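Written out below as structure tokens is the structure these notes cover.
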Amino acid sequence: MLSQLLSRSSCALRCSPSSSIGASGLSRKIWGYVAVAFNQVDAQRLAKVGPNRLCAEWVVKNGGGVRFVDSPSKLWKDYNSLPAETTQFCLKVIDATNASIMKIGLEHFKNCNHIDTVIFHNCKHLEDEGLEGLKHLTDSLTRLQVSGCYNLVDADLAVISELKNLQQLLIFDMVFVKDMDEVARKLKKNLPKCDIKATKFGVPLKGDK
């Protein structure tokens with residue numbers, strides 16, 4: 001599928017008489033097509049394997065990892081090592097560190113009712129209300145990290161206030177958030193029981209030197 005998509009995209013751009021795009025622009029165009037393809041919900045695949053399997057495939061295909069309710073200590077990051085399609089599992093943790101996930105991809109969260117932890121770290125393709133899909137996890141999500149997502153701004157974080165079951169929230173290294181103090185104040189007002197740590201710049205994590 002990927003090779004076919006790249007082939008079609010390259011041909012379309014090469015053969016267009018009005019195209020004067022350079023090599024770097026061509027690369028960005030092709031990457032854009034691939035990124036969208038890897039983030040769209042495949043309705044046929046969803047009907048075949050169910051929401052948890054499809055969500056796991058989406059995260060792993062885009063460079064992230066997942067943990068299951070039945071085996072929370074194992075982080076699955078290799079697409080080919082995922083359990084057989086006949087194996088039923090429920091997702092518990094979404095670790096999208098350095099993943100190429102996009103706003104449209106968060107629709108994969110729908111009907112994944114056991115996800116309690118989500119990490120969005122260095123997700124450069126999240127932008128323009130990119131966190132809206134978290135609403136699908138309102139009943140289950142208790143821990144959330146949003147960090148290094150440079151295309152998100154103040155308003156994009158407002159949706160977090162609707163995640164009423166959040167217990168822990170970590171936000172840092174968000175250089176284009178203009179007023180992190182005000183963002184944190186509003187979040188604390190709406191989530192009084194949540195332990196919120198929010199800073200515009202970086203914070204040390206476990207293992208950092």
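Here, A, B, ... name the chains of the structure tokens in the order displayed, residue numbers run from 1 inside each chain, and ligands are numbered from 1 in the same displayed order.
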
What lies within 9 Å of segment 181-186 of chain A using only C-alpha atoms, ignoring chain neighbours under 6 positions off, as a ChimeraX atom specification?
/A:154-155,157-158,161,196-200

Fewer than 3 positions away in the same chain doesn't count, so skip those; otherwise give me all residues within 10 Å of Glu107 of chain A, counting only C-alpha atoms, as an mmCIF file with C-alpha atoms, in the first residue's frame.
data_model
loop_
_atom_site.group_PDB
_atom_site.id
_atom_site.type_symbol
_atom_site.label_atom_id
_atom_site.label_comp_id
_atom_site.auth_asym_id
_atom_site.auth_seq_id
_atom_site.Cartn_x
_atom_site.Cartn_y
_atom_site.Cartn_z
ATOM 1 C CA ASN A 39 -3.913 8.467 10.131
ATOM 2 C CA GLN A 40 -7.297 7.984 8.509
ATOM 3 C CA VAL A 41 -9.696 5.489 10.069
ATOM 4 C CA PRO A 51 -11.493 -0.528 17.614
ATOM 5 C CA CYS A 55 -6.089 1.837 17.270
ATOM 6 C CA MET A 102 -2.363 13.731 13.296
ATOM 7 C CA LYS A 103 -5.668 15.188 14.470
ATOM 8 C CA ILE A 104 -7.710 12.918 12.215
ATOM 9 C CA LYS A 110 -13.548 5.944 19.672
ATOM 10 C CA ASN A 111 -14.859 2.878 21.542
ATOM 11 C CA GLU A 132 -10.141 17.179 20.237
ATOM 12 C CA GLY A 133 -10.188 13.418 19.752
ATOM 13 C CA LEU A 134 -9.331 12.947 23.423
ATOM 14 C CA LYS A 135 -13.028 13.485 24.099
ATOM 15 C CA HIS A 136 -13.521 9.858 23.105
#

Taking 5 positions as the minimum chain separation for residues in the same chain, which residues sit within 9 Å of Thr138 of chain A when counting only C-alpha atoms? Answer as a PyMOL selection string.
chain A and resi 162-166

For N, CA and C atoms, I'd like the residues from the last selection saved as an mmCIF file, in the first residue's frame.
data_model
loop_
_atom_site.group_PDB
_atom_site.id
_atom_site.type_symbol
_atom_site.label_atom_id
_atom_site.label_comp_id
_atom_site.auth_asym_id
_atom_site.auth_seq_id
_atom_site.Cartn_x
_atom_site.Cartn_y
_atom_site.Cartn_z
ATOM 1 N N GLU A 162 -12.229 19.086 29.678
ATOM 2 C CA GLU A 162 -13.411 18.242 29.576
ATOM 3 C C GLU A 162 -13.147 16.798 29.995
ATOM 4 N N LEU A 163 -11.890 16.481 30.279
ATOM 5 C CA LEU A 163 -11.524 15.123 30.666
ATOM 6 C C LEU A 163 -11.674 14.990 32.183
ATOM 7 N N LYS A 164 -12.899 14.838 32.631
ATOM 8 C CA LYS A 164 -13.250 14.981 34.039
ATOM 9 C C LYS A 164 -12.639 13.922 34.959
ATOM 10 N N ASN A 165 -12.168 12.818 34.419
ATOM 11 C CA ASN A 165 -11.594 11.776 35.263
ATOM 12 C C ASN A 165 -10.073 11.836 35.349
ATOM 13 N N LEU A 166 -9.476 12.870 34.767
ATOM 14 C CA LEU A 166 -8.019 13.002 34.833
ATOM 15 C C LEU A 166 -7.548 13.130 36.284
#
